[in-house]
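Containing compact mmCIF, N, CA and C atoms: query08.txt.
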```txt
# COMPACT_ATOMS: atom_id res chain seq x y z
N MET A 919 -37.96 -3.07 -14.10
CA MET A 919 -37.56 -1.70 -13.85
C MET A 919 -37.11 -1.53 -12.39
N ALA A 920 -37.77 -2.25 -11.49
CA ALA A 920 -37.43 -2.12 -10.07
C ALA A 920 -36.02 -2.65 -9.80
N ILE A 921 -35.64 -3.73 -10.47
CA ILE A 921 -34.29 -4.27 -10.24
C ILE A 921 -33.23 -3.32 -10.78
N ARG A 922 -33.52 -2.64 -11.88
CA ARG A 922 -32.58 -1.69 -12.45
C ARG A 922 -32.36 -0.53 -11.46
N ILE A 923 -33.42 -0.06 -10.87
CA ILE A 923 -33.31 1.03 -9.89
C ILE A 923 -32.55 0.54 -8.66
N THR A 924 -32.80 -0.69 -8.23
CA THR A 924 -32.12 -1.24 -7.07
C THR A 924 -30.62 -1.39 -7.33
N LEU A 925 -30.26 -1.93 -8.50
CA LEU A 925 -28.84 -2.09 -8.84
C LEU A 925 -28.15 -0.74 -8.98
N THR A 926 -28.82 0.23 -9.58
CA THR A 926 -28.24 1.57 -9.71
C THR A 926 -28.04 2.19 -8.34
N GLY A 927 -29.00 2.04 -7.47
CA GLY A 927 -28.87 2.57 -6.10
C GLY A 927 -27.75 1.91 -5.34
N ALA A 928 -27.61 0.58 -5.51
CA ALA A 928 -26.52 -0.12 -4.83
C ALA A 928 -25.16 0.32 -5.35
N ALA A 929 -25.06 0.50 -6.67
CA ALA A 929 -23.79 0.97 -7.24
C ALA A 929 -23.45 2.37 -6.76
N LEU A 930 -24.44 3.24 -6.71
CA LEU A 930 -24.20 4.60 -6.22
C LEU A 930 -23.83 4.60 -4.74
N ALA A 931 -24.43 3.71 -3.96
CA ALA A 931 -24.09 3.63 -2.54
C ALA A 931 -22.65 3.19 -2.35
N VAL A 932 -22.21 2.21 -3.15
CA VAL A 932 -20.82 1.75 -3.06
C VAL A 932 -19.87 2.87 -3.46
N LEU A 933 -20.17 3.55 -4.55
CA LEU A 933 -19.31 4.66 -4.99
C LEU A 933 -19.30 5.81 -3.99
N ALA A 934 -20.43 6.08 -3.40
CA ALA A 934 -20.51 7.20 -2.45
C ALA A 934 -19.74 6.91 -1.16
N THR A 935 -19.69 5.64 -0.76
CA THR A 935 -18.98 5.32 0.48
C THR A 935 -17.52 5.00 0.26
N ALA A 936 -17.20 4.26 -0.80
CA ALA A 936 -15.82 3.84 -1.01
C ALA A 936 -15.02 4.84 -1.83
N GLY A 937 -15.65 5.55 -2.73
CA GLY A 937 -14.95 6.49 -3.59
C GLY A 937 -14.15 7.55 -2.86
N PRO A 938 -14.77 8.28 -1.91
CA PRO A 938 -14.00 9.32 -1.20
C PRO A 938 -12.90 8.75 -0.32
N LEU A 939 -13.01 7.50 0.10
CA LEU A 939 -12.00 6.93 0.99
C LEU A 939 -10.72 6.55 0.26
N THR A 940 -10.76 6.43 -1.05
CA THR A 940 -9.54 6.06 -1.78
C THR A 940 -8.50 7.15 -1.70
N GLY A 941 -8.91 8.40 -1.64
CA GLY A 941 -7.96 9.50 -1.51
C GLY A 941 -7.32 9.55 -0.13
N VAL A 942 -8.05 9.10 0.90
CA VAL A 942 -7.53 9.13 2.25
C VAL A 942 -6.33 8.19 2.39
N ALA A 943 -6.38 7.05 1.73
CA ALA A 943 -5.29 6.10 1.84
C ALA A 943 -4.01 6.63 1.21
N HIS A 944 -4.14 7.49 0.22
CA HIS A 944 -2.97 8.01 -0.46
C HIS A 944 -2.72 9.48 -0.15
N ALA A 945 -3.41 10.02 0.87
CA ALA A 945 -3.27 11.44 1.17
C ALA A 945 -1.89 11.77 1.72
N GLN A 946 -1.33 10.89 2.51
CA GLN A 946 -0.01 11.15 3.07
C GLN A 946 1.04 10.74 2.07
N GLY A 947 1.96 11.66 1.79
CA GLY A 947 3.02 11.35 0.85
C GLY A 947 4.01 10.37 1.46
N ASP A 948 4.37 9.36 0.71
CA ASP A 948 5.35 8.40 1.18
C ASP A 948 6.73 8.98 0.90
N LEU A 949 7.46 9.27 1.94
CA LEU A 949 8.79 9.84 1.80
C LEU A 949 9.82 8.74 1.66
N ASP A 950 10.87 9.04 0.95
CA ASP A 950 12.01 8.15 0.92
C ASP A 950 13.27 9.00 0.91
N CYS A 951 14.41 8.36 0.90
CA CYS A 951 15.68 9.08 1.04
C CYS A 951 15.93 10.07 -0.09
N ALA A 952 15.35 9.82 -1.26
CA ALA A 952 15.54 10.73 -2.39
C ALA A 952 14.85 12.07 -2.16
N ASP A 953 13.93 12.15 -1.20
CA ASP A 953 13.23 13.40 -0.91
C ASP A 953 14.04 14.34 -0.03
N PHE A 954 15.18 13.92 0.44
CA PHE A 954 16.00 14.72 1.36
C PHE A 954 17.37 14.98 0.74
N ALA A 955 17.90 16.18 1.01
CA ALA A 955 19.24 16.54 0.52
C ALA A 955 20.31 16.09 1.51
N PHE A 956 20.01 16.12 2.81
CA PHE A 956 20.99 15.79 3.84
C PHE A 956 20.42 14.75 4.79
N GLN A 957 21.31 13.98 5.38
CA GLN A 957 20.92 12.93 6.32
C GLN A 957 20.22 13.51 7.53
N GLU A 958 20.63 14.67 7.99
CA GLU A 958 20.03 15.28 9.18
C GLU A 958 18.55 15.58 8.97
N ASP A 959 18.18 16.00 7.75
CA ASP A 959 16.77 16.27 7.46
C ASP A 959 15.96 14.97 7.51
N ALA A 960 16.50 13.91 6.94
CA ALA A 960 15.82 12.62 6.98
C ALA A 960 15.73 12.11 8.42
N GLN A 961 16.79 12.34 9.21
CA GLN A 961 16.78 11.89 10.60
C GLN A 961 15.72 12.64 11.40
N ALA A 962 15.56 13.94 11.12
CA ALA A 962 14.53 14.72 11.83
C ALA A 962 13.14 14.19 11.52
N GLU A 963 12.89 13.82 10.26
CA GLU A 963 11.60 13.24 9.89
C GLU A 963 11.42 11.87 10.54
N PHE A 964 12.48 11.09 10.57
CA PHE A 964 12.43 9.76 11.20
C PHE A 964 12.14 9.88 12.69
N ASP A 965 12.73 10.89 13.35
CA ASP A 965 12.54 11.06 14.79
C ASP A 965 11.12 11.48 15.15
N LEU A 966 10.37 12.03 14.20
CA LEU A 966 8.98 12.41 14.48
C LEU A 966 8.11 11.18 14.74
N ASP A 967 8.42 10.09 14.07
CA ASP A 967 7.67 8.85 14.25
C ASP A 967 8.65 7.68 14.17
N ARG A 968 9.01 7.14 15.32
CA ARG A 968 10.04 6.10 15.37
C ARG A 968 9.55 4.74 14.85
N THR A 969 8.24 4.62 14.55
CA THR A 969 7.76 3.38 13.95
C THR A 969 8.17 3.28 12.49
N ASP A 970 8.70 4.36 11.93
CA ASP A 970 9.26 4.41 10.57
C ASP A 970 8.26 4.00 9.50
N PRO A 971 7.11 4.74 9.40
CA PRO A 971 6.14 4.39 8.36
C PRO A 971 6.68 4.66 6.95
N ASP A 972 7.65 5.57 6.81
CA ASP A 972 8.21 5.88 5.50
C ASP A 972 9.41 5.02 5.15
N ARG A 973 9.80 4.11 6.03
CA ARG A 973 10.91 3.19 5.83
C ARG A 973 12.21 3.93 5.49
N LEU A 974 12.51 4.93 6.30
CA LEU A 974 13.75 5.70 6.09
C LEU A 974 14.96 4.97 6.66
N ASP A 975 14.74 3.99 7.53
CA ASP A 975 15.84 3.24 8.13
C ASP A 975 15.95 1.85 7.48
N GLU A 976 15.83 1.81 6.18
CA GLU A 976 15.87 0.53 5.47
C GLU A 976 17.19 0.38 4.73
N ASP A 977 18.27 0.43 5.43
CA ASP A 977 19.57 0.21 4.83
C ASP A 977 19.96 -1.25 5.00
N GLN A 978 21.11 -1.61 4.51
CA GLN A 978 21.56 -2.99 4.64
C GLN A 978 21.84 -3.30 6.10
N GLY A 979 21.44 -4.47 6.53
CA GLY A 979 21.66 -4.88 7.91
C GLY A 979 20.47 -4.55 8.78
N PRO A 980 20.62 -4.73 10.08
CA PRO A 980 19.50 -4.50 11.00
C PRO A 980 19.21 -3.01 11.14
N ASP A 981 17.95 -2.70 11.51
CA ASP A 981 17.57 -1.31 11.73
C ASP A 981 18.33 -0.78 12.93
N ASP A 982 18.99 0.36 12.73
CA ASP A 982 19.83 0.92 13.79
C ASP A 982 19.37 2.29 14.27
N GLY A 983 18.24 2.78 13.73
CA GLY A 983 17.72 4.08 14.17
C GLY A 983 18.35 5.26 13.46
N ILE A 984 19.16 5.01 12.45
CA ILE A 984 19.79 6.09 11.68
C ILE A 984 19.16 6.08 10.29
N ALA A 985 18.52 7.19 9.94
CA ALA A 985 17.80 7.26 8.68
C ALA A 985 18.72 7.67 7.54
N CYS A 986 18.54 7.07 6.40
CA CYS A 986 19.20 7.44 5.14
C CYS A 986 20.69 7.66 5.33
N GLU A 987 21.39 6.64 5.73
CA GLU A 987 22.81 6.75 6.03
C GLU A 987 23.67 7.07 4.81
N ALA A 988 23.16 6.81 3.61
CA ALA A 988 23.94 7.06 2.41
C ALA A 988 23.94 8.53 2.00
N LEU A 989 23.03 9.33 2.56
CA LEU A 989 22.97 10.75 2.21
C LEU A 989 24.15 11.51 2.81
N PRO A 990 24.58 12.60 2.15
CA PRO A 990 25.66 13.40 2.72
C PRO A 990 25.20 14.13 3.98
N ARG A 991 26.14 14.40 4.85
CA ARG A 991 25.83 15.12 6.09
C ARG A 991 26.28 16.56 5.95
N ARG A 992 25.60 17.43 6.65
CA ARG A 992 25.95 18.85 6.60
C ARG A 992 27.33 19.11 7.20
N ASP A 993 27.69 18.38 8.25
CA ASP A 993 28.96 18.65 8.92
C ASP A 993 30.16 18.17 8.12
N THR A 994 29.98 17.35 7.10
CA THR A 994 31.12 16.92 6.29
C THR A 994 31.47 17.94 5.22
N ALA A 995 30.59 18.92 5.00
CA ALA A 995 30.88 19.94 4.01
C ALA A 995 32.02 20.85 4.47
N VAL A 996 32.14 21.07 5.79
CA VAL A 996 33.21 21.90 6.34
C VAL A 996 34.17 20.96 7.06
N VAL A 997 35.35 20.76 6.50
CA VAL A 997 36.33 19.86 7.08
C VAL A 997 37.42 20.70 7.73
N SER A 998 37.70 20.38 8.97
CA SER A 998 38.74 21.10 9.69
C SER A 998 40.08 20.43 9.44
N VAL A 999 41.10 21.25 9.10
CA VAL A 999 42.43 20.71 8.83
C VAL A 999 43.16 20.41 10.12
N ALA A 1000 42.84 21.13 11.18
CA ALA A 1000 43.57 21.00 12.44
C ALA A 1000 43.27 19.69 13.15
N THR A 1001 42.09 19.13 12.99
CA THR A 1001 41.74 17.90 13.71
C THR A 1001 41.81 16.72 12.75
N PRO A 1002 42.61 15.73 13.09
CA PRO A 1002 42.66 14.54 12.25
C PRO A 1002 41.38 13.72 12.44
N PRO A 1003 41.02 12.92 11.47
CA PRO A 1003 39.81 12.10 11.62
C PRO A 1003 40.00 11.07 12.73
N ALA A 1004 38.94 10.83 13.45
CA ALA A 1004 38.98 9.88 14.56
C ALA A 1004 39.05 8.46 14.00
N THR A 1005 39.86 7.64 14.63
CA THR A 1005 39.95 6.24 14.23
C THR A 1005 39.06 5.43 15.14
N PRO A 1006 38.30 4.51 14.60
CA PRO A 1006 37.42 3.71 15.45
C PRO A 1006 38.22 2.74 16.32
N LEU A 1007 37.65 2.45 17.49
CA LEU A 1007 38.30 1.51 18.41
C LEU A 1007 38.17 0.08 17.92
N PHE A 1008 37.13 -0.19 17.17
CA PHE A 1008 36.94 -1.53 16.64
C PHE A 1008 36.34 -1.41 15.25
N THR A 1009 36.49 -2.42 14.46
CA THR A 1009 35.91 -2.45 13.13
C THR A 1009 34.62 -3.25 13.20
N PRO A 1010 33.49 -2.64 12.79
CA PRO A 1010 32.23 -3.39 12.86
C PRO A 1010 32.25 -4.57 11.89
N LEU A 1011 31.57 -5.63 12.28
CA LEU A 1011 31.48 -6.82 11.44
C LEU A 1011 30.56 -6.54 10.26
N ALA A 1012 30.89 -7.06 9.12
CA ALA A 1012 30.04 -6.90 7.94
C ALA A 1012 28.82 -7.80 8.09
N THR A 1013 27.66 -7.26 7.76
CA THR A 1013 26.44 -8.04 7.85
C THR A 1013 26.10 -8.55 6.45
N PRO A 1014 25.61 -9.78 6.35
CA PRO A 1014 25.25 -10.30 5.02
C PRO A 1014 24.01 -9.60 4.49
N LEU A 1015 23.92 -9.49 3.19
CA LEU A 1015 22.75 -8.88 2.56
C LEU A 1015 21.56 -9.83 2.63
N PRO A 1016 20.37 -9.31 2.92
CA PRO A 1016 19.19 -10.18 2.96
C PRO A 1016 18.85 -10.63 1.54
N THR A 1017 18.38 -11.86 1.42
CA THR A 1017 18.04 -12.40 0.11
C THR A 1017 16.60 -12.87 0.02
N LEU A 1018 15.83 -12.74 1.09
CA LEU A 1018 14.47 -13.27 1.11
C LEU A 1018 13.40 -12.20 1.05
N GLY A 1019 13.70 -11.00 0.58
CA GLY A 1019 12.70 -9.95 0.50
C GLY A 1019 12.29 -9.50 1.89
N VAL A 1020 11.00 -9.40 2.11
CA VAL A 1020 10.48 -8.93 3.39
C VAL A 1020 10.87 -9.88 4.51
N GLN A 1021 10.85 -11.18 4.25
CA GLN A 1021 11.21 -12.14 5.28
C GLN A 1021 12.68 -11.99 5.66
N GLY A 1022 13.50 -11.51 4.73
CA GLY A 1022 14.92 -11.33 5.00
C GLY A 1022 15.23 -9.99 5.63
N GLY A 1023 14.24 -9.12 5.76
CA GLY A 1023 14.45 -7.86 6.44
C GLY A 1023 14.72 -6.68 5.54
N SER A 1024 14.48 -6.81 4.23
CA SER A 1024 14.74 -5.68 3.35
C SER A 1024 13.57 -4.72 3.30
N GLY A 1025 12.42 -5.07 3.89
CA GLY A 1025 11.28 -4.17 3.99
C GLY A 1025 10.50 -4.09 2.69
N GLY A 1026 9.44 -3.31 2.73
CA GLY A 1026 8.64 -3.11 1.54
C GLY A 1026 7.55 -4.16 1.40
N SER A 1027 6.76 -4.02 0.37
CA SER A 1027 5.67 -4.93 0.13
C SER A 1027 5.80 -5.51 -1.27
N VAL A 1028 5.40 -6.75 -1.44
CA VAL A 1028 5.53 -7.41 -2.72
C VAL A 1028 4.19 -7.72 -3.37
N GLY A 1029 3.09 -7.36 -2.78
CA GLY A 1029 1.78 -7.62 -3.37
C GLY A 1029 0.70 -7.67 -2.31
N PRO A 1030 -0.52 -7.98 -2.74
CA PRO A 1030 -1.63 -8.00 -1.78
C PRO A 1030 -1.52 -9.16 -0.81
N ALA A 1031 -2.05 -8.95 0.38
CA ALA A 1031 -2.09 -10.01 1.39
C ALA A 1031 -3.15 -11.03 0.99
N GLY A 1032 -3.13 -12.18 1.65
CA GLY A 1032 -4.07 -13.24 1.31
C GLY A 1032 -5.52 -12.84 1.49
N PHE A 1033 -5.84 -12.12 2.58
CA PHE A 1033 -7.23 -11.74 2.81
C PHE A 1033 -7.68 -10.71 1.79
N GLU A 1034 -6.79 -9.85 1.31
CA GLU A 1034 -7.16 -8.87 0.29
C GLU A 1034 -7.50 -9.56 -1.02
N ARG A 1035 -6.73 -10.58 -1.36
CA ARG A 1035 -7.01 -11.34 -2.58
C ARG A 1035 -8.35 -12.06 -2.44
N ALA A 1036 -8.64 -12.64 -1.26
CA ALA A 1036 -9.90 -13.34 -1.04
C ALA A 1036 -11.09 -12.39 -1.13
N ILE A 1037 -10.94 -11.19 -0.60
CA ILE A 1037 -12.02 -10.20 -0.67
C ILE A 1037 -12.26 -9.81 -2.13
N GLY A 1038 -11.19 -9.61 -2.88
CA GLY A 1038 -11.34 -9.26 -4.30
C GLY A 1038 -12.05 -10.35 -5.09
N VAL A 1039 -11.68 -11.60 -4.84
CA VAL A 1039 -12.33 -12.72 -5.54
C VAL A 1039 -13.80 -12.79 -5.14
N ALA A 1040 -14.09 -12.62 -3.86
CA ALA A 1040 -15.48 -12.68 -3.40
C ALA A 1040 -16.31 -11.57 -4.02
N LEU A 1041 -15.76 -10.37 -4.12
CA LEU A 1041 -16.49 -9.27 -4.75
C LEU A 1041 -16.71 -9.53 -6.24
N ALA A 1042 -15.71 -10.07 -6.92
CA ALA A 1042 -15.86 -10.36 -8.34
C ALA A 1042 -16.91 -11.44 -8.58
N VAL A 1043 -16.89 -12.51 -7.77
CA VAL A 1043 -17.87 -13.59 -7.92
C VAL A 1043 -19.26 -13.08 -7.57
N GLY A 1044 -19.37 -12.27 -6.52
CA GLY A 1044 -20.67 -11.72 -6.16
C GLY A 1044 -21.23 -10.80 -7.23
N GLY A 1045 -20.36 -9.97 -7.83
CA GLY A 1045 -20.81 -9.09 -8.91
C GLY A 1045 -21.24 -9.87 -10.13
N ALA A 1046 -20.49 -10.92 -10.47
CA ALA A 1046 -20.87 -11.76 -11.61
C ALA A 1046 -22.19 -12.47 -11.33
N GLY A 1047 -22.40 -12.91 -10.08
CA GLY A 1047 -23.66 -13.56 -9.72
C GLY A 1047 -24.84 -12.61 -9.81
N LEU A 1048 -24.65 -11.38 -9.34
CA LEU A 1048 -25.74 -10.40 -9.45
C LEU A 1048 -26.04 -10.07 -10.91
N ALA A 1049 -25.01 -9.93 -11.72
CA ALA A 1049 -25.24 -9.64 -13.14
C ALA A 1049 -25.96 -10.80 -13.81
N GLY A 1050 -25.56 -12.03 -13.49
CA GLY A 1050 -26.23 -13.20 -14.06
C GLY A 1050 -27.68 -13.29 -13.63
N ALA A 1051 -27.95 -13.02 -12.37
CA ALA A 1051 -29.33 -13.06 -11.87
C ALA A 1051 -30.18 -11.99 -12.56
N TYR A 1052 -29.60 -10.84 -12.81
CA TYR A 1052 -30.33 -9.78 -13.49
C TYR A 1052 -30.69 -10.20 -14.93
N VAL A 1053 -29.72 -10.82 -15.63
CA VAL A 1053 -29.97 -11.25 -17.00
C VAL A 1053 -31.05 -12.33 -17.03
N VAL A 1054 -30.99 -13.30 -16.12
CA VAL A 1054 -31.99 -14.36 -16.07
C VAL A 1054 -33.37 -13.79 -15.77
N ARG A 1055 -33.45 -12.89 -14.84
CA ARG A 1055 -34.75 -12.29 -14.49
C ARG A 1055 -35.32 -11.50 -15.65
N ARG A 1056 -34.44 -10.78 -16.35
CA ARG A 1056 -34.90 -9.97 -17.48
C ARG A 1056 -35.39 -10.86 -18.62
N ARG A 1057 -34.69 -11.96 -18.89
CA ARG A 1057 -35.12 -12.87 -19.96
C ARG A 1057 -36.43 -13.56 -19.60
N ARG A 1058 -36.58 -13.93 -18.34
CA ARG A 1058 -37.84 -14.57 -17.93
C ARG A 1058 -39.01 -13.60 -18.04
N ALA A 1059 -38.76 -12.33 -17.78
CA ALA A 1059 -39.84 -11.35 -17.90
C ALA A 1059 -40.19 -11.12 -19.36
N ALA A 1060 -39.21 -11.14 -20.25
CA ALA A 1060 -39.45 -10.91 -21.67
C ALA A 1060 -40.06 -12.13 -22.35
N HIS A 1061 -39.65 -13.33 -21.93
CA HIS A 1061 -40.12 -14.58 -22.54
C HIS A 1061 -40.60 -15.52 -21.45
N PRO A 1062 -41.84 -15.37 -20.98
CA PRO A 1062 -42.32 -16.25 -19.90
C PRO A 1062 -42.43 -17.70 -20.38
N HIS A 1063 -42.29 -18.60 -19.44
CA HIS A 1063 -42.35 -20.04 -19.73
C HIS A 1063 -43.75 -20.38 -20.23
N PRO A 1064 -43.87 -21.30 -21.24
CA PRO A 1064 -45.21 -21.60 -21.82
C PRO A 1064 -46.19 -22.16 -20.78
N ARG A 1065 -45.74 -22.95 -19.85
CA ARG A 1065 -46.65 -23.51 -18.85
C ARG A 1065 -47.16 -22.43 -17.91
N LEU A 1066 -46.35 -21.41 -17.68
CA LEU A 1066 -46.78 -20.36 -16.77
C LEU A 1066 -47.72 -19.36 -17.46
N ARG A 1067 -47.70 -19.27 -18.80
CA ARG A 1067 -48.57 -18.35 -19.52
C ARG A 1067 -50.03 -18.78 -19.46
N ASP A 1068 -50.30 -20.07 -19.40
CA ASP A 1068 -51.67 -20.57 -19.45
C ASP A 1068 -52.41 -20.35 -18.14
N ARG A 1069 -51.76 -20.06 -17.09
CA ARG A 1069 -52.43 -19.92 -15.79
C ARG A 1069 -53.15 -18.64 -15.66
```
Before we go any further, please render this structure as structure tokens.
Amino acid sequence: MAIRITLTGAALAVLATAGPLTGVAHAQGDLDCADFAFQEDAQAEFDLDRTDPDRLDEDQGPDDGIACEALPRRDTAVVSVATPPATPLFTPLATPLPTLGVQGGSGGSVGPAGFERAIGVALAVGGAGLAGAYVVRRRRAAHPHPRLRDR
């Protein structure tokens, strides 16, 4: 009975400490370019934190500090007939598309890191060991060994 109370207490302690923290990790909404109607709005959000936690500057090629370049701009909605479009002085070189995922610079995550996988395996093995120890202890209490009964 004591082991059952101990295991229940340990499970409740884990749930009480880790359970509320799961919401904290997902409390901040992950923004992407689809959340914005205009490029200027995405740029304003990007300028709030230049480390780019929402990966708004993840277009093809190197990061250039311009968020969501594919979105329409507010200033293109009103086109002036009197001013011709400016011609660039040079044509930028085309950059090759990355093909190696994160290593190629396309950003994002493809799965758990090595240490996260090791922690998960360790927790699973530890839980299986505790469950096995509980079963062995319970069986020994229900069916004591014949040599130990005579003492």
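The interatomic distance for the pair CA of Ala928 in chain A and CA of Glu1034 in chain A works out to 21.9 Å.
Atom N of Phe1033 in chain A sits 24.3 Å away from CA of Ala929 in chain A.
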- Using all atoms listed in the file, which residue out of A:Ile921, A:Ala952, A:Ala1059, A:Gln957 lies closest to Arg992 in chain A?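 Using all atoms listed in the file, the shortest distance to Arg992 in chain A belongs to A:Gln957.
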- Task: May I have the residues within 10 Å of range 958-973 of chain A as a list in words, using only C-alpha atoms and disregarding those fewer than 3 positions away in the same chain?
- Result: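 The contact residues come out as Gly947, Asp948, Leu949, Asp950, Cys951, Ala952, Asp953, Phe954, Ala955, Glu976, Asp977, Asp981, Gly983, Ile984, Ala985, Cys986, Glu987, Leu989, Pro990, Arg991, Arg992, Asp993, Ser1024, Gly1025 and Gly1026 of chain A.
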- Which value, in Å to one decimal, gives the distance between atom C of Leu974 in chain A and CA of Ala1031 in chain A?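 Computing the Euclidean distance for atom C of Leu974 in chain A and CA of Ala1031 in chain A yields 23.3 Å.
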